[in-house]
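This is target-v6.cif. It holds mmCIF, C-alpha atoms.
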```
data_entry
loop_
_atom_site.label_atom_id
_atom_site.label_comp_id
_atom_site.auth_asym_id
_atom_site.auth_seq_id
_atom_site.Cartn_x
_atom_site.Cartn_y
_atom_site.Cartn_z
CA MET A 1095 2.27 -99.94 -119.83
CA LEU A 1096 4.01 -97.78 -117.27
CA THR A 1097 6.65 -99.42 -115.13
CA PHE A 1098 9.27 -96.66 -114.95
CA LYS A 1099 11.79 -98.82 -116.82
CA LYS A 1100 13.87 -97.67 -119.79
CA ASN A 1101 11.09 -97.85 -122.33
CA ASN A 1102 8.78 -95.74 -120.17
CA ILE A 1103 11.39 -93.07 -119.52
CA MET A 1104 11.86 -92.76 -123.25
CA GLN A 1105 8.09 -92.84 -123.65
CA PHE A 1106 7.72 -89.72 -121.56
CA LYS A 1107 10.33 -87.90 -123.63
CA HIS A 1108 8.16 -88.57 -126.65
CA ILE A 1109 4.92 -87.47 -124.97
CA LEU A 1110 5.67 -83.87 -125.84
CA CYS A 1111 6.13 -84.76 -129.51
CA PHE A 1112 2.92 -86.77 -129.46
CA PHE A 1113 0.82 -83.87 -128.26
CA SER A 1114 2.08 -81.53 -130.96
CA ILE A 1115 0.23 -83.51 -133.61
CA LEU A 1116 -3.10 -83.74 -131.81
CA VAL A 1117 -5.98 -81.73 -133.20
CA CYS A 1118 -6.75 -78.72 -131.00
CA ILE A 1119 -10.01 -78.86 -129.10
CA SER A 1120 -12.53 -76.63 -130.83
CA ALA A 1121 -15.39 -77.26 -128.44
CA CYS A 1122 -13.81 -75.60 -125.42
CA ASP A 1123 -12.09 -72.26 -124.96
CA THR A 1124 -9.95 -73.05 -121.94
CA ASP A 1125 -6.18 -73.48 -121.85
CA LEU A 1126 -6.77 -77.18 -122.46
CA ASP A 1127 -6.88 -76.19 -126.13
CA GLN A 1128 -3.11 -75.73 -126.02
CA PHE A 1129 -1.00 -78.85 -126.47
CA PRO A 1130 2.72 -79.06 -125.72
CA GLU A 1131 5.07 -77.85 -128.39
CA ASN A 1132 7.40 -80.29 -130.11
CA GLN A 1133 10.26 -80.24 -127.60
CA ALA A 1134 11.56 -83.72 -126.87
CA GLU A 1135 13.66 -82.98 -123.79
CA SER A 1136 11.97 -81.62 -120.66
CA SER A 1137 15.26 -79.99 -119.65
CA SER A 1138 14.97 -77.66 -122.66
CA LEU A 1139 11.56 -76.32 -121.67
CA THR A 1140 11.01 -72.86 -120.25
CA ASN A 1141 7.20 -72.81 -120.50
CA PHE A 1142 5.53 -75.81 -118.88
CA ILE A 1143 1.91 -75.01 -119.74
CA GLY A 1144 1.90 -77.80 -122.32
CA VAL A 1145 3.18 -80.36 -119.82
CA VAL A 1146 0.50 -79.28 -117.33
CA ASN A 1147 -2.06 -79.81 -120.07
CA ALA A 1148 -0.69 -83.31 -120.59
CA ALA A 1149 -1.47 -84.08 -116.94
CA TYR A 1150 -5.03 -82.85 -117.50
CA TYR A 1151 -5.31 -84.84 -120.71
CA TYR A 1152 -4.43 -88.13 -119.07
CA GLN A 1153 -7.29 -87.70 -116.56
CA GLN A 1154 -9.71 -88.40 -119.41
CA ALA A 1155 -8.77 -92.07 -119.47
CA SER A 1156 -9.94 -92.47 -115.86
CA ALA A 1157 -13.54 -91.36 -116.49
CA THR A 1158 -15.07 -94.55 -117.93
CA PRO A 1159 -13.22 -96.95 -115.61
CA LEU A 1160 -14.23 -94.93 -112.55
CA ALA A 1161 -17.84 -94.68 -113.71
CA VAL A 1162 -18.01 -98.44 -114.19
CA MET A 1163 -16.25 -99.23 -110.92
CA GLY A 1164 -18.32 -96.74 -108.94
CA ASP A 1165 -21.76 -97.79 -110.13
CA PHE A 1166 -21.55 -101.22 -111.76
CA ARG A 1167 -19.54 -102.68 -108.87
CA ALA A 1168 -22.29 -101.43 -106.57
CA ASP A 1169 -26.09 -101.71 -106.66
CA ASN A 1170 -26.80 -98.90 -109.12
CA ALA A 1171 -25.98 -100.65 -112.40
CA GLN A 1172 -25.57 -104.15 -113.77
CA MET A 1173 -23.64 -106.14 -116.35
CA ILE A 1174 -25.37 -108.83 -118.38
CA GLU A 1175 -22.62 -110.21 -120.64
CA PRO A 1176 -19.87 -112.52 -119.35
CA PRO A 1177 -17.11 -111.90 -118.42
CA TYR A 1178 -18.36 -108.42 -117.48
CA THR A 1179 -20.68 -110.07 -114.97
CA ASP A 1180 -17.53 -110.55 -112.87
CA PHE A 1181 -18.14 -107.02 -111.63
CA GLU A 1182 -21.00 -108.35 -109.52
CA GLU A 1183 -19.55 -111.71 -108.45
CA PHE A 1184 -16.70 -110.59 -106.15
CA ASN A 1185 -14.07 -113.19 -106.93
CA SER A 1186 -10.67 -113.43 -108.58
CA ASN A 1187 -12.19 -113.50 -112.07
CA LEU A 1188 -12.28 -109.70 -112.17
CA THR A 1189 -8.70 -109.78 -113.47
CA SER A 1190 -10.26 -110.60 -116.87
CA MET A 1191 -11.20 -106.91 -117.13
CA GLU A 1192 -7.57 -105.73 -117.04
CA ASP A 1193 -7.31 -104.57 -120.63
CA GLN A 1194 -10.60 -102.71 -120.69
CA PHE A 1195 -10.63 -100.99 -117.31
CA PHE A 1196 -7.70 -101.43 -114.96
CA ARG A 1197 -4.63 -101.06 -117.17
CA PRO A 1198 -5.84 -97.91 -118.99
CA LEU A 1199 -6.66 -96.30 -115.64
CA TYR A 1200 -3.37 -97.31 -114.04
CA ARG A 1201 -1.19 -96.44 -117.02
CA ASN A 1202 -2.68 -93.03 -117.74
CA LEU A 1203 -2.77 -91.86 -114.14
CA TYR A 1204 0.94 -92.63 -113.83
CA LYS A 1205 1.53 -90.70 -117.04
CA ALA A 1206 -0.32 -87.77 -115.46
CA ILE A 1207 1.89 -88.12 -112.38
CA LEU A 1208 5.06 -88.15 -114.48
CA SER A 1209 3.92 -85.00 -116.30
CA ALA A 1210 3.09 -83.32 -112.98
CA ASN A 1211 6.48 -84.29 -111.56
CA THR A 1212 8.19 -82.59 -114.50
CA VAL A 1213 6.35 -79.34 -113.83
CA ILE A 1214 6.89 -79.43 -110.06
CA GLU A 1215 10.57 -80.20 -110.47
CA ASN A 1216 11.40 -77.72 -113.24
CA SER A 1217 8.86 -74.92 -113.58
CA GLU A 1218 9.17 -71.56 -111.86
CA ASP A 1219 5.56 -70.57 -112.58
CA THR A 1220 3.46 -70.63 -109.40
CA LYS A 1221 0.16 -71.38 -111.13
CA SER A 1222 1.63 -74.24 -113.16
CA ILE A 1223 3.14 -75.78 -110.03
CA GLY A 1224 -0.20 -75.42 -108.21
CA GLU A 1225 -2.06 -77.14 -111.03
CA ALA A 1226 0.55 -79.89 -111.21
CA LYS A 1227 0.33 -80.53 -107.47
CA PHE A 1228 -3.47 -80.68 -107.66
CA LEU A 1229 -3.34 -83.13 -110.58
CA ARG A 1230 -0.68 -85.30 -108.96
CA ALA A 1231 -2.78 -85.50 -105.79
CA LEU A 1232 -5.92 -86.25 -107.80
CA SER A 1233 -4.13 -89.01 -109.71
CA TYR A 1234 -2.78 -90.67 -106.59
CA PHE A 1235 -6.17 -90.35 -104.90
CA LYS A 1236 -7.84 -92.20 -107.77
CA LEU A 1237 -5.15 -94.88 -107.72
CA VAL A 1238 -5.49 -95.43 -103.96
CA GLN A 1239 -9.29 -95.53 -104.15
CA VAL A 1240 -9.18 -98.18 -106.85
CA PHE A 1241 -6.12 -100.27 -105.99
CA GLY A 1242 -5.22 -99.50 -102.36
CA ASP A 1243 -1.44 -99.62 -101.93
CA VAL A 1244 0.38 -98.42 -105.06
CA SER A 1245 3.86 -97.47 -106.24
CA ILE A 1246 5.22 -93.98 -105.59
CA ASN A 1247 7.25 -91.95 -108.06
CA LEU A 1248 7.97 -88.29 -107.31
CA SER A 1249 10.70 -87.84 -109.91
CA ALA A 1250 10.51 -86.34 -113.37
CA SER A 1251 13.40 -88.58 -114.46
CA PRO A 1252 13.28 -91.91 -112.63
CA SER A 1253 16.29 -94.13 -113.13
CA ALA A 1254 15.94 -97.21 -115.28
CA GLU A 1255 17.45 -99.18 -112.38
CA ASP A 1256 14.95 -97.93 -109.80
CA GLU A 1257 12.34 -100.30 -108.42
CA PHE A 1258 8.93 -99.11 -107.33
CA PRO A 1259 7.31 -101.52 -104.88
CA ARG A 1260 3.84 -100.67 -103.64
CA GLN A 1261 3.61 -98.37 -100.62
CA PRO A 1262 0.86 -98.29 -97.98
CA ALA A 1263 -2.14 -96.17 -98.93
CA GLU A 1264 -1.83 -94.36 -95.60
CA ASN A 1265 1.65 -93.16 -96.53
CA ILE A 1266 0.45 -91.96 -99.93
CA TYR A 1267 -2.32 -89.94 -98.31
CA ASN A 1268 -0.05 -88.43 -95.66
CA ASP A 1269 3.13 -87.93 -97.68
CA ILE A 1270 1.79 -86.96 -101.11
CA ILE A 1271 -1.92 -86.32 -101.50
CA ILE A 1272 -2.57 -84.13 -98.46
CA PRO A 1273 0.68 -82.08 -98.74
CA ASP A 1274 0.19 -81.56 -102.49
CA LEU A 1275 -3.39 -80.36 -102.03
CA THR A 1276 -2.41 -78.12 -99.12
CA ASP A 1277 0.21 -76.50 -101.35
CA ALA A 1278 -2.27 -76.22 -104.23
CA VAL A 1279 -4.79 -74.34 -102.06
CA GLY A 1280 -2.19 -71.61 -101.50
CA LEU A 1281 -0.75 -71.57 -105.02
CA LEU A 1282 -4.01 -71.38 -106.98
CA ASP A 1283 -6.80 -68.83 -107.34
CA ASN A 1284 -10.43 -69.25 -108.42
CA SER A 1285 -10.31 -67.44 -111.74
CA GLU A 1286 -11.12 -70.52 -113.83
CA ILE A 1287 -13.80 -72.26 -111.75
CA GLY A 1288 -15.89 -74.63 -113.86
CA ALA A 1289 -13.56 -74.41 -116.86
CA GLY A 1290 -11.82 -77.72 -116.29
CA ARG A 1291 -8.81 -76.17 -114.54
CA ALA A 1292 -7.60 -76.67 -110.98
CA SER A 1293 -8.48 -73.95 -108.48
CA SER A 1294 -8.02 -73.16 -104.82
CA LEU A 1295 -11.68 -74.09 -104.24
CA ALA A 1296 -11.25 -77.42 -106.02
CA ALA A 1297 -8.11 -78.19 -104.02
CA ASN A 1298 -9.94 -77.47 -100.76
CA ALA A 1299 -12.89 -79.60 -101.87
CA LEU A 1300 -10.66 -82.53 -102.80
CA LEU A 1301 -8.73 -82.11 -99.56
CA GLY A 1302 -12.01 -82.36 -97.64
CA LYS A 1303 -12.98 -85.49 -99.58
CA VAL A 1304 -9.55 -87.04 -98.98
CA HIS A 1305 -9.92 -86.51 -95.22
CA MET A 1306 -13.31 -88.25 -95.40
CA PHE A 1307 -11.62 -91.28 -96.92
CA THR A 1308 -8.93 -91.29 -94.23
CA GLY A 1309 -11.49 -90.93 -91.44
CA ASP A 1310 -10.23 -87.53 -90.28
CA TYR A 1311 -13.70 -86.03 -90.05
CA SER A 1312 -12.66 -82.94 -88.12
CA SER A 1313 -10.20 -81.86 -90.82
CA ALA A 1314 -12.71 -82.82 -93.48
CA SER A 1315 -15.44 -80.64 -91.99
CA SER A 1316 -13.07 -77.67 -91.81
CA HIS A 1317 -12.14 -77.84 -95.50
CA LEU A 1318 -15.63 -78.69 -96.74
CA ASN A 1319 -17.16 -75.85 -94.73
CA MET A 1320 -14.61 -73.48 -96.25
CA VAL A 1321 -15.66 -74.60 -99.73
CA ILE A 1322 -19.35 -74.09 -98.99
CA SER A 1323 -18.68 -70.68 -97.46
CA GLU A 1324 -16.55 -69.46 -100.38
CA ALA A 1325 -18.39 -71.09 -103.28
CA GLY A 1326 -21.06 -68.43 -103.81
CA GLY A 1327 -18.46 -65.69 -103.94
CA VAL A 1328 -16.81 -67.27 -106.96
CA GLY A 1329 -20.07 -68.14 -108.73
CA VAL A 1330 -20.51 -71.74 -107.62
CA VAL A 1331 -24.09 -72.29 -106.43
CA LEU A 1332 -26.55 -75.18 -106.45
CA ASP A 1333 -28.07 -75.34 -109.91
CA CYS A 1334 -31.75 -74.51 -109.71
CA THR A 1335 -32.55 -77.35 -112.12
CA PHE A 1336 -31.41 -80.91 -111.40
CA ALA A 1337 -31.37 -81.66 -115.12
CA ASN A 1338 -28.33 -79.35 -115.43
CA VAL A 1339 -26.10 -80.79 -112.72
CA VAL A 1340 -23.80 -82.80 -115.00
CA THR A 1341 -24.05 -80.56 -118.06
CA SER A 1342 -21.68 -77.92 -119.35
CA GLN A 1343 -24.16 -75.26 -118.16
CA SER A 1344 -24.12 -76.35 -114.52
CA THR A 1345 -23.50 -73.66 -111.92
CA GLU A 1346 -22.31 -76.11 -109.27
CA THR A 1347 -19.30 -77.69 -110.96
CA ILE A 1348 -16.15 -77.27 -108.89
CA PHE A 1349 -13.86 -79.42 -111.00
CA LYS A 1350 -14.43 -81.50 -114.12
CA THR A 1351 -12.40 -83.38 -116.67
CA ILE A 1352 -13.25 -82.02 -120.09
CA LYS A 1353 -14.11 -84.64 -122.65
CA GLY A 1354 -15.84 -84.71 -126.03
CA THR A 1355 -15.75 -86.39 -129.40
CA ASP A 1356 -13.20 -83.89 -130.76
CA ILE A 1357 -10.67 -84.76 -128.05
CA SER A 1358 -8.39 -87.67 -128.85
CA ASP A 1359 -8.63 -89.92 -125.79
CA GLU A 1360 -6.11 -92.59 -124.82
CA TYR A 1361 -8.99 -94.62 -123.42
CA ASP A 1362 -10.22 -96.09 -126.69
CA PHE A 1363 -12.87 -98.57 -125.57
CA SER A 1364 -15.98 -96.47 -124.88
CA GLU A 1365 -17.18 -93.32 -123.16
CA PHE A 1366 -18.71 -93.43 -119.68
CA SER A 1367 -22.09 -92.11 -120.84
CA VAL A 1368 -22.80 -95.09 -123.11
CA TRP A 1369 -22.52 -97.53 -120.22
CA PHE A 1370 -25.61 -95.94 -118.70
CA ASP A 1371 -27.71 -94.96 -121.72
CA GLY A 1372 -28.25 -98.48 -123.06
CA THR A 1373 -25.97 -98.28 -126.10
CA GLU A 1374 -23.12 -100.33 -124.61
CA ASP A 1375 -24.18 -103.89 -125.47
CA LYS A 1376 -22.30 -105.40 -122.53
CA ALA A 1377 -24.81 -103.75 -120.20
CA ILE A 1378 -28.33 -103.89 -121.64
CA PRO A 1379 -30.25 -102.89 -119.63
CA PRO A 1380 -27.68 -101.09 -117.50
CA ILE A 1381 -29.74 -99.78 -114.58
CA ASP A 1382 -30.11 -102.11 -111.61
CA PRO A 1383 -33.78 -102.49 -110.54
CA ASP A 1384 -32.55 -101.88 -106.99
CA LEU A 1385 -31.83 -98.26 -107.93
CA VAL A 1386 -35.35 -97.88 -109.30
CA ALA A 1387 -36.73 -99.25 -106.04
CA ALA A 1388 -34.58 -96.80 -104.06
CA PHE A 1389 -36.02 -93.82 -105.98
CA ASP A 1390 -39.55 -95.16 -105.50
CA GLU A 1391 -39.09 -95.82 -101.78
CA ALA A 1392 -37.92 -92.24 -101.29
CA GLY A 1393 -40.80 -90.84 -103.37
CA ASP A 1394 -38.09 -89.20 -105.44
CA THR A 1395 -39.99 -88.80 -108.70
CA GLU A 1396 -38.17 -85.75 -110.08
CA ARG A 1397 -34.60 -86.99 -109.76
CA LYS A 1398 -35.76 -90.43 -110.88
CA ALA A 1399 -37.24 -89.05 -114.12
CA LEU A 1400 -34.14 -86.95 -114.80
CA SER A 1401 -31.70 -89.77 -114.00
CA ILE A 1402 -33.24 -92.96 -115.40
CA ASN A 1403 -35.91 -94.36 -117.67
CA ALA A 1404 -37.43 -96.83 -115.20
CA GLU A 1405 -39.37 -98.74 -117.84
CA ASP A 1406 -36.39 -99.48 -120.09
CA LEU A 1407 -33.83 -99.47 -117.24
CA ILE A 1408 -31.52 -97.02 -118.99
CA GLY A 1409 -29.87 -93.85 -117.77
CA VAL A 1410 -30.89 -90.44 -119.10
CA LYS A 1411 -28.76 -88.26 -116.80
CA TYR A 1412 -26.07 -87.51 -119.39
CA SER A 1413 -28.21 -85.53 -121.82
CA GLU A 1414 -25.11 -84.30 -123.64
CA GLY A 1415 -24.17 -87.90 -124.47
CA LEU A 1416 -20.67 -88.34 -125.85
CA GLU A 1417 -20.02 -84.63 -125.31
CA SER A 1418 -20.59 -84.97 -121.55
CA ASP A 1419 -17.71 -83.90 -119.32
CA TRP A 1420 -16.75 -86.05 -116.35
CA ILE A 1421 -17.76 -84.16 -113.22
CA GLU A 1422 -15.11 -84.85 -110.60
CA ILE A 1423 -16.48 -82.59 -107.84
CA ARG A 1424 -19.71 -80.60 -107.62
CA LEU A 1425 -21.27 -78.59 -104.82
CA SER A 1426 -23.97 -81.14 -103.91
CA ASP A 1427 -21.26 -83.74 -103.31
CA VAL A 1428 -19.42 -81.32 -101.01
CA ILE A 1429 -22.57 -80.43 -99.03
CA LEU A 1430 -23.42 -84.08 -98.49
CA LEU A 1431 -19.87 -84.87 -97.41
CA TYR A 1432 -19.93 -81.92 -95.01
CA ALA A 1433 -23.16 -83.17 -93.44
CA GLU A 1434 -21.58 -86.60 -93.07
CA ALA A 1435 -18.45 -85.14 -91.46
CA LEU A 1436 -20.52 -83.19 -88.94
CA ASN A 1437 -22.54 -86.29 -88.10
CA GLU A 1438 -19.35 -88.23 -87.46
CA THR A 1439 -18.04 -85.51 -85.14
CA GLY A 1440 -21.13 -85.33 -82.94
CA SER A 1441 -23.35 -82.59 -84.36
CA SER A 1442 -27.06 -82.91 -83.66
CA ALA A 1443 -29.17 -84.94 -86.08
CA ASP A 1444 -31.44 -82.01 -86.93
CA ASP A 1445 -28.52 -79.67 -87.63
CA VAL A 1446 -26.92 -82.23 -89.92
CA LEU A 1447 -30.08 -83.19 -91.78
CA GLY A 1448 -31.00 -79.53 -92.22
CA LEU A 1449 -27.95 -79.14 -94.45
CA LEU A 1450 -29.65 -81.40 -96.98
CA ASP A 1451 -32.72 -79.17 -97.31
CA ALA A 1452 -31.49 -77.17 -100.32
CA ILE A 1453 -30.61 -80.33 -102.24
CA ARG A 1454 -33.93 -81.98 -101.41
CA THR A 1455 -35.98 -78.86 -102.15
CA ARG A 1456 -34.50 -78.77 -105.66
CA ALA A 1457 -35.61 -82.39 -106.03
CA GLY A 1458 -39.15 -81.52 -104.94
CA LEU A 1459 -38.75 -83.33 -101.61
CA GLY A 1460 -39.39 -82.29 -98.03
CA SER A 1461 -36.89 -81.87 -95.22
CA LEU A 1462 -35.43 -84.87 -93.41
CA VAL A 1463 -35.22 -82.93 -90.14
CA GLY A 1464 -36.93 -84.95 -87.43
CA THR A 1465 -36.86 -88.22 -89.37
CA ALA A 1466 -33.70 -89.62 -87.74
CA SER A 1467 -32.10 -89.20 -84.35
CA SER A 1468 -29.15 -91.56 -83.87
CA GLN A 1469 -25.79 -91.14 -85.55
CA SER A 1470 -26.24 -94.41 -87.45
CA GLU A 1471 -29.69 -93.37 -88.69
CA VAL A 1472 -28.37 -90.04 -89.92
CA ARG A 1473 -25.41 -91.76 -91.57
CA LYS A 1474 -27.81 -94.03 -93.46
CA ALA A 1475 -30.01 -91.08 -94.48
CA ILE A 1476 -27.01 -89.23 -95.94
CA LEU A 1477 -25.79 -92.34 -97.74
CA ASP A 1478 -29.26 -92.81 -99.27
CA GLU A 1479 -29.33 -89.17 -100.33
CA ARG A 1480 -25.91 -89.45 -101.95
CA ARG A 1481 -27.05 -92.51 -103.87
CA LEU A 1482 -30.00 -90.72 -105.48
CA GLU A 1483 -28.35 -87.34 -105.96
CA LEU A 1484 -25.10 -88.71 -107.42
CA ALA A 1485 -26.37 -91.80 -109.25
CA MET A 1486 -24.21 -92.70 -112.27
CA GLU A 1487 -21.48 -90.26 -111.25
CA GLY A 1488 -19.08 -92.96 -110.02
CA HIS A 1489 -19.51 -92.49 -106.25
CA ARG A 1490 -21.67 -95.33 -104.96
CA TRP A 1491 -19.16 -98.18 -104.53
CA PHE A 1492 -16.53 -95.94 -102.98
CA ASP A 1493 -19.13 -94.48 -100.61
CA LEU A 1494 -20.13 -97.96 -99.46
CA VAL A 1495 -16.52 -98.94 -98.83
CA ARG A 1496 -15.74 -95.68 -97.05
CA ASN A 1497 -18.76 -96.03 -94.75
CA GLY A 1498 -18.30 -99.73 -94.02
CA MET A 1499 -21.73 -100.37 -95.55
CA VAL A 1500 -20.84 -102.80 -98.33
CA ASP A 1501 -22.49 -105.91 -96.86
CA ALA A 1502 -25.55 -104.08 -95.55
CA GLU A 1503 -26.32 -102.32 -98.84
CA MET A 1504 -25.27 -105.08 -101.21
CA GLY A 1505 -27.25 -107.70 -99.30
CA GLN A 1506 -24.40 -110.22 -99.11
CA SER A 1507 -21.19 -110.90 -97.25
CA ILE A 1508 -18.28 -109.65 -99.35
CA SER A 1509 -14.63 -110.16 -98.49
CA ALA A 1510 -12.72 -106.94 -97.91
CA ASP A 1511 -10.23 -108.25 -100.47
CA TYR A 1512 -12.73 -107.19 -103.12
CA TYR A 1513 -13.21 -103.66 -101.84
CA VAL A 1514 -10.29 -102.78 -104.13
CA PHE A 1515 -9.60 -103.86 -107.69
CA PRO A 1516 -6.81 -105.99 -109.19
CA ILE A 1517 -3.46 -104.46 -110.05
CA PRO A 1518 -2.92 -104.94 -113.80
CA ASN A 1519 -1.02 -108.19 -114.21
CA SER A 1520 0.99 -106.65 -117.05
CA GLU A 1521 2.46 -104.15 -114.56
CA ILE A 1522 3.32 -106.90 -112.10
CA LEU A 1523 5.17 -108.88 -114.77
CA ALA A 1524 6.92 -105.84 -116.21
CA SER A 1525 8.21 -104.91 -112.74
CA GLY A 1526 9.84 -108.30 -112.34
CA MET A 1527 7.29 -109.08 -109.62
CA VAL A 1528 8.42 -106.10 -107.52
CA ILE A 1529 4.84 -104.86 -107.76
CA THR A 1530 2.54 -107.39 -106.10
CA GLN A 1531 -1.11 -108.30 -106.60
CA ASN A 1532 -3.95 -107.45 -104.21
CA SER A 1533 -5.05 -110.28 -101.96
CA GLY A 1534 -7.87 -112.33 -103.45
CA TYR A 1535 -6.78 -111.84 -107.05
#
```
Step by step, read the file and then write its structure as structure tokens.
Amino acid sequence: MLTFKKNNIMQFKHILCFFSILVCISACDTDLDQFPENQAESSSLTNFIGVVNAAYYYQQASATPLAVMGDFRADNAQMIEPPYTDFEEFNSNLTSMEDQFFRPLYRNLYKAILSANTVIENSEDTKSIGEAKFLRALSYFKLVQVFGDVSINLSASPSAEDEFPRQPAENIYNDIIIPDLTDAVGLLDNSEIGAGRASSLAANALLGKVHMFTGDYSSASSHLNMVISEAGGVGVVLDCTFANVVTSQSTETIFKTIKGTDISDEYDFSEFSVWFDGTEDKAIPPIDPDLVAAFDEAGDTERKALSINAEDLIGVKYSEGLESDWIEIRLSDVILLYAEALNETGSSADDVLGLLDAIRTRAGLGSLVGTASSQSEVRKAILDERRLELAMEGHRWFDLVRNGMVDAEMGQSISADYYVFPIPNSEILASGMVITQNSGY
């Protein structure tokens, strides 16, 4: 557990030793292959590439929890074995999932933050600092999405006497996430797009997404438009085949977390792909019939066939199985967010819906231009499109919360207390109750 007390400060000093004994990743030829050398004290380091890689490494542990929260909490997937059914019951019982989902996510994202802090505080390499700022922002963004208000640590060497009470999510967005991403845009280039490394394009894309979550649609549209305008010039284009969109061959990946069976992962329960493909026995069958109905209602036969097996109610989207990388941001996601931002800032319905044409043409579908006129109708059309395009990619629940559409889409009245997830009780106890629990849990 990570509580920034004495044992955790010492734990970080041993992280560098830990990585020196990991087996190098043979399946990928990026800098993620390089693990930190065996140097126990961060003050003795002159090259921080290994510590940056540690911050990347810890992102892996967020993939399965985010996939489960994003789709199983919503109407895309279902649990059938108690207590996992708590994901669909919206009550305090969800705390029973602490060990499997919430604590690994919480703990590893704070480890990523601590690694990033070390680089930001000590490195003189511009690229390393840019990557660290991107990864720190990404980590805090995930924490805020999942838990709401969380603790802030911006130090590489927090004092054992320091306390870290939770801070308002708004402050974390304004004081950490947005400034870090703004810095990252200027510090990074686009030389490693799609290779699992941070880039200027990825920082701009995440910045646009962050502004969508804060409701600053004008700023969001500016950053998202910049991404769309610059993407083609650095080789990021919509993949001509939907079957490729979450594979290692995809041409539209902006940022991904590299995974695989030859990477030792601190999340040791299961990989995100098995929750959808029918091999995780806690979710058989995993696909919610409501998702099947949504594909059928839209006449979306191509994406349906490439995403799910409707007869067996299993997912087929992750054709690479356990070797699938976790796609954090891809171009379709950015285009759909841009259309949403324009709709929220008063652009005409036809102009907004026209932005979806390329995505729908790839899916063998016609244009939505002329099918909706009011802002609310267009908002619903975009939300529906995101559901089918991004199914099983961990977006659905967070999209519903962000759009205020939870009750309407879930078909029930759900307390806003359950829009976020429970803080791990182990962290609350270890903090001496300085960290508090979310209301409702």
Given the file above and the PyMOL selection byres ((chain A and resi 1457) around 8), which residues are selected, and can you give them as a compact mmCIF listing (two decimals) with C-alpha atoms, keeping the file's coordinate frame?
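Output (part.txt):
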```txt
# COMPACT_ATOMS: atom_id res chain seq x y z
CA PHE A 1336 -31.41 -80.91 -111.40
CA ASP A 1394 -38.09 -89.20 -105.44
CA GLU A 1396 -38.17 -85.75 -110.08
CA ARG A 1397 -34.60 -86.99 -109.76
CA ILE A 1453 -30.61 -80.33 -102.24
CA ARG A 1454 -33.93 -81.98 -101.41
CA THR A 1455 -35.98 -78.86 -102.15
CA ARG A 1456 -34.50 -78.77 -105.66
CA GLY A 1458 -39.15 -81.52 -104.94
CA LEU A 1459 -38.75 -83.33 -101.61
```
Give me, as a JSON list (two decimals) with C-alpha atoms, in the coordinates of the input, all polymer residues having an atom no more than 6 Å from Pro1518 (chain A), counting only C-alpha atoms and skipping those fewer than 2 positions away in the same chain.
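File part-v9.json, as written:
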```json
[["chain", "number", "residue", "atom", "x", "y", "z"],
["A", 1192, "GLU", "CA", -7.57, -105.73, -117.04],
["A", 1197, "ARG", "CA", -4.63, -101.06, -117.17],
["A", 1520, "SER", "CA", 0.99, -106.65, -117.05],
["A", 1521, "GLU", "CA", 2.46, -104.15, -114.56]]
```
Selected by the PyMOL selection byres ((chain A and resi 1184) around 10) in the shown coordinates: which residues, as a PDB file with C-alpha atoms, in the coordinates of the input?
```pdb
ATOM      1  CA  ARG A1167     -19.540-102.680-108.870  1.00  0.00           C
ATOM      2  CA  THR A1179     -20.680-110.070-114.970  1.00  0.00           C
ATOM      3  CA  ASP A1180     -17.530-110.550-112.870  1.00  0.00           C
ATOM      4  CA  PHE A1181     -18.140-107.020-111.630  1.00  0.00           C
ATOM      5  CA  GLU A1182     -21.000-108.350-109.520  1.00  0.00           C
ATOM      6  CA  GLU A1183     -19.550-111.710-108.450  1.00  0.00           C
ATOM      7  CA  ASN A1185     -14.070-113.190-106.930  1.00  0.00           C
ATOM      8  CA  SER A1186     -10.670-113.430-108.580  1.00  0.00           C
ATOM      9  CA  ASN A1187     -12.190-113.500-112.070  1.00  0.00           C
ATOM     10  CA  LEU A1188     -12.280-109.700-112.170  1.00  0.00           C
ATOM     11  CA  SER A1507     -21.190-110.900 -97.250  1.00  0.00           C
ATOM     12  CA  ILE A1508     -18.280-109.650 -99.350  1.00  0.00           C
ATOM     13  CA  SER A1509     -14.630-110.160 -98.490  1.00  0.00           C
ATOM     14  CA  ALA A1510     -12.720-106.940 -97.910  1.00  0.00           C
ATOM     15  CA  ASP A1511     -10.230-108.250-100.470  1.00  0.00           C
ATOM     16  CA  TYR A1512     -12.730-107.190-103.120  1.00  0.00           C
ATOM     17  CA  TYR A1513     -13.210-103.660-101.840  1.00  0.00           C
ATOM     18  CA  PHE A1515      -9.600-103.860-107.690  1.00  0.00           C
ATOM     19  CA  GLY A1534      -7.870-112.330-103.450  1.00  0.00           C
TER      20      GLY A1534
END
```
Hits from the PyMOL selection byres ((chain A and resi 1428) around 10), listed as a compact mmCIF listing (two decimals) with C-alpha atoms, in the frame of the given file:
```txt
# COMPACT_ATOMS: atom_id res chain seq x y z
CA ALA A 1299 -12.89 -79.60 -101.87
CA LEU A 1300 -10.66 -82.53 -102.80
CA GLY A 1302 -12.01 -82.36 -97.64
CA LYS A 1303 -12.98 -85.49 -99.58
CA SER A 1315 -15.44 -80.64 -91.99
CA HIS A 1317 -12.14 -77.84 -95.50
CA LEU A 1318 -15.63 -78.69 -96.74
CA ASN A 1319 -17.16 -75.85 -94.73
CA VAL A 1321 -15.66 -74.60 -99.73
CA ILE A 1322 -19.35 -74.09 -98.99
CA ILE A 1348 -16.15 -77.27 -108.89
CA ILE A 1423 -16.48 -82.59 -107.84
CA ARG A 1424 -19.71 -80.60 -107.62
CA LEU A 1425 -21.27 -78.59 -104.82
CA SER A 1426 -23.97 -81.14 -103.91
CA ASP A 1427 -21.26 -83.74 -103.31
CA ILE A 1429 -22.57 -80.43 -99.03
CA LEU A 1430 -23.42 -84.08 -98.49
CA LEU A 1431 -19.87 -84.87 -97.41
CA TYR A 1432 -19.93 -81.92 -95.01
CA ALA A 1433 -23.16 -83.17 -93.44
CA GLU A 1434 -21.58 -86.60 -93.07
```
